[in-house]
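To start, the structure under review is shown below, and the notes come after it.
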Amino acid sequence: MTVTTQMHSDLLIPSCTVFIEQASNSDLPAIAAIYNEYILQGDTTMEEDLFDSDRIQRWVSGFHDREKLFVLKNAEHRVIGWGVIKRFSERAGYRTTCETSVYLTKQECGKGYGTFLKKYILEACKQMGYHHLVARVLASNKASIAYNLRLGYEIAGIQKEVGMKNGQWEDVVLMQYIFR
């Protein structure tokens, strides 16, 4: 599924063409590079080891048919972001629950592209029959929490000291979006 759109300033997004498509093998190095920006930053993901395209490929090759990896590309067909829909659990009772994440290159943050991509992912989740979406955000990442709240997610709870990064305990905010 590919969507091409002309984004307009009335959406508070600069006027330029971006499009979303399912990720292909040629996109994997850019996906890894974007994720590595956040791993190196250290305050967005619990991941500590850097990724390469082979690691992304192994990850994607394990996807279930209701898990998707999308890329956001600019007019020059350069990957400027990616988003994922992952099953919440392999247990059958959770078949209508998934986890979502979106990452943009640092230089493209704050321009509305993340909102555009996340809204696309929300629609894709709905089309795939998901009912309950989960986002896990480090409690210190106030910008990501605010971003998800603006998109209709709500805070379901906080997991205290659920992970360790740089010798410090990290809390994770569990956020949820329910299609009604």
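Scheme for the structure tokens: letters A, B, ... for chains in order shown; per-chain residue numbers from 1; ligand numbers from 1 in order shown.
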
Among chain A, which ones does DSSP assign to alpha helix (DSSP H) (computed from the backbone)? Answer as an MDAnalysis selection string. chainID A and resid 28:41 53:61 113:127 142:150

Same residues, N, CA and C atoms, output as a short mmCIF file (atom, residue, chain, number, x, y, z; two decimals), in the first residue's frame:
```
data_model
loop_
_atom_site.label_atom_id
_atom_site.label_comp_id
_atom_site.auth_asym_id
_atom_site.auth_seq_id
_atom_site.Cartn_x
_atom_site.Cartn_y
_atom_site.Cartn_z
N LEU A 28 16.36 -0.71 4.29
CA LEU A 28 16.84 -1.18 5.60
C LEU A 28 18.04 -0.40 6.13
N PRO A 29 19.04 -0.05 5.31
CA PRO A 29 20.15 0.75 5.86
C PRO A 29 19.69 2.10 6.42
N ALA A 30 18.74 2.76 5.74
CA ALA A 30 18.24 4.05 6.23
C ALA A 30 17.44 3.87 7.52
N ILE A 31 16.67 2.81 7.60
CA ILE A 31 15.90 2.53 8.82
C ILE A 31 16.87 2.33 9.99
N ALA A 32 17.91 1.53 9.76
CA ALA A 32 18.90 1.29 10.81
C ALA A 32 19.59 2.60 11.22
N ALA A 33 19.95 3.42 10.25
CA ALA A 33 20.63 4.69 10.55
C ALA A 33 19.75 5.60 11.39
N ILE A 34 18.48 5.67 11.05
CA ILE A 34 17.55 6.51 11.83
C ILE A 34 17.43 5.98 13.25
N TYR A 35 17.24 4.68 13.39
CA TYR A 35 17.11 4.10 14.73
C TYR A 35 18.39 4.32 15.53
N ASN A 36 19.54 4.20 14.88
CA ASN A 36 20.81 4.40 15.57
C ASN A 36 20.94 5.81 16.12
N GLU A 37 20.36 6.81 15.45
CA GLU A 37 20.37 8.18 15.99
C GLU A 37 19.75 8.18 17.39
N TYR A 38 18.66 7.47 17.57
CA TYR A 38 17.95 7.44 18.84
C TYR A 38 18.67 6.58 19.87
N ILE A 39 19.28 5.49 19.43
CA ILE A 39 20.05 4.65 20.34
C ILE A 39 21.22 5.46 20.90
N LEU A 40 21.92 6.17 20.03
CA LEU A 40 23.06 6.98 20.47
C LEU A 40 22.63 8.15 21.35
N GLN A 41 21.47 8.70 21.08
CA GLN A 41 20.94 9.80 21.92
C GLN A 41 20.71 9.31 23.34
N SER A 53 21.61 -3.11 8.61
CA SER A 53 20.52 -3.59 7.77
C SER A 53 20.26 -5.08 7.96
N ASP A 54 21.30 -5.87 8.26
CA ASP A 54 21.08 -7.30 8.49
C ASP A 54 20.22 -7.54 9.73
N ARG A 55 20.46 -6.76 10.76
CA ARG A 55 19.66 -6.92 11.99
C ARG A 55 18.21 -6.51 11.74
N ILE A 56 17.99 -5.44 10.97
CA ILE A 56 16.63 -5.04 10.62
C ILE A 56 15.98 -6.14 9.78
N GLN A 57 16.72 -6.71 8.84
CA GLN A 57 16.18 -7.78 7.99
C GLN A 57 15.76 -8.99 8.83
N ARG A 58 16.59 -9.39 9.79
CA ARG A 58 16.24 -10.52 10.66
C ARG A 58 14.97 -10.21 11.44
N TRP A 59 14.86 -8.97 11.92
CA TRP A 59 13.68 -8.53 12.67
C TRP A 59 12.44 -8.64 11.78
N VAL A 60 12.50 -8.08 10.59
CA VAL A 60 11.35 -8.07 9.68
C VAL A 60 11.00 -9.48 9.20
N SER A 61 12.00 -10.32 8.99
CA SER A 61 11.73 -11.68 8.51
C SER A 61 10.93 -12.48 9.53
N TYR A 113 5.83 15.61 10.10
CA TYR A 113 5.94 14.34 9.40
C TYR A 113 5.62 13.14 10.30
N GLY A 114 6.03 13.22 11.56
CA GLY A 114 5.74 12.13 12.49
C GLY A 114 4.24 11.97 12.70
N THR A 115 3.53 13.07 12.79
CA THR A 115 2.07 13.03 12.93
C THR A 115 1.45 12.41 11.68
N PHE A 116 1.92 12.82 10.51
CA PHE A 116 1.43 12.28 9.25
C PHE A 116 1.63 10.76 9.20
N LEU A 117 2.83 10.30 9.57
CA LEU A 117 3.14 8.88 9.55
C LEU A 117 2.32 8.12 10.59
N LYS A 118 2.20 8.67 11.79
CA LYS A 118 1.46 7.98 12.84
C LYS A 118 -0.02 7.87 12.47
N LYS A 119 -0.59 8.92 11.87
CA LYS A 119 -1.99 8.84 11.45
C LYS A 119 -2.18 7.76 10.38
N TYR A 120 -1.21 7.63 9.50
CA TYR A 120 -1.26 6.57 8.50
C TYR A 120 -1.23 5.20 9.19
N ILE A 121 -0.36 5.06 10.17
CA ILE A 121 -0.25 3.80 10.89
C ILE A 121 -1.55 3.50 11.65
N LEU A 122 -2.15 4.53 12.25
CA LEU A 122 -3.43 4.33 12.93
C LEU A 122 -4.47 3.78 11.95
N GLU A 123 -4.53 4.35 10.77
CA GLU A 123 -5.49 3.88 9.77
C GLU A 123 -5.17 2.46 9.32
N ALA A 124 -3.89 2.16 9.14
CA ALA A 124 -3.50 0.80 8.76
C ALA A 124 -3.89 -0.20 9.84
N CYS A 125 -3.71 0.18 11.10
CA CYS A 125 -4.11 -0.69 12.22
C CYS A 125 -5.61 -0.96 12.18
N LYS A 126 -6.36 0.07 11.94
CA LYS A 126 -7.82 -0.07 11.86
C LYS A 126 -8.19 -1.01 10.71
N GLN A 127 -7.56 -0.82 9.55
CA GLN A 127 -7.84 -1.66 8.39
C GLN A 127 -7.48 -3.12 8.65
N LYS A 142 9.33 13.47 27.42
CA LYS A 142 8.09 14.26 27.49
C LYS A 142 7.54 14.62 26.11
N ALA A 143 8.42 14.87 25.15
CA ALA A 143 7.96 15.25 23.80
C ALA A 143 7.19 14.11 23.15
N SER A 144 7.66 12.88 23.29
CA SER A 144 6.98 11.73 22.70
C SER A 144 5.65 11.46 23.40
N ILE A 145 5.62 11.65 24.70
CA ILE A 145 4.37 11.48 25.44
C ILE A 145 3.34 12.50 24.96
N ALA A 146 3.76 13.74 24.84
CA ALA A 146 2.85 14.80 24.37
C ALA A 146 2.37 14.52 22.95
N TYR A 147 3.27 14.07 22.10
CA TYR A 147 2.96 13.74 20.70
C TYR A 147 1.87 12.67 20.64
N ASN A 148 2.04 11.60 21.40
CA ASN A 148 1.05 10.52 21.41
C ASN A 148 -0.28 10.99 22.00
N LEU A 149 -0.24 11.81 23.02
CA LEU A 149 -1.48 12.35 23.59
C LEU A 149 -2.23 13.18 22.56
N ARG A 150 -1.52 14.00 21.80
CA ARG A 150 -2.15 14.82 20.75
C ARG A 150 -2.83 13.95 19.70
#
```

At most 6 Å is the cut-off: for each residue in segment 129-148 of chain A with any atom that close to an atom of segment 94-101 of chain A, write down the nearest atom pair and the distance in Å rounded to one decimal, counting only C-alpha atoms, chain first then increasing number, as CSV.
```
residue,atom,partner,partner_atom,distance
A:Tyr130,CA,A:Thr96,CA,4.3
A:His131,CA,A:Thr96,CA,5.2
A:His132,CA,A:Thr97,CA,4.7
A:Leu133,CA,A:Cys98,CA,5.0
A:Val134,CA,A:Glu99,CA,4.5
A:Ala135,CA,A:Thr100,CA,5.7
```

Pick from A:Gly81, A:Gly93, A:Gly157, A:Gly129, whichever lies nearest to Cys109 of chain A using only C-alpha atoms: A:Gly81

Considering only C-alpha atoms, tabulate each residue of segment 102-134 of chain A that lies at most 12 Å from segment 74-78 of chain A along with its nearest interatomic pair and the corresponding distance in Å to one decimal; arrange the rows by chain and ascending residue number and present them as a tab-separated table.
```
residue	atom	partner	partner_atom	distance
A:Leu104	CA	A:Asn74	CA	11.8
A:Thr105	CA	A:Arg78	CA	10.8
A:Glu108	CA	A:Asn74	CA	10.4
A:Tyr113	CA	A:Asn74	CA	10.1
```

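Atom CA of Lys106 of chain A to atom CA of Leu72 of chain A spans 13.6 Å [interatomic distance, one decimal].
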
Segment 9-165 of chain A: which residues are strand (DSSP E) by DSSP, as a PyMOL selection string? chain A and resi 16-22+68-74+79-87+97-104+132-138+154-165

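Of the listed residues (A:Gly83, A:Gly110, A:Gly152, A:Gly42), A:Gly83 comes nearest to Val71 of chain A; the distances count only C-alpha atoms.
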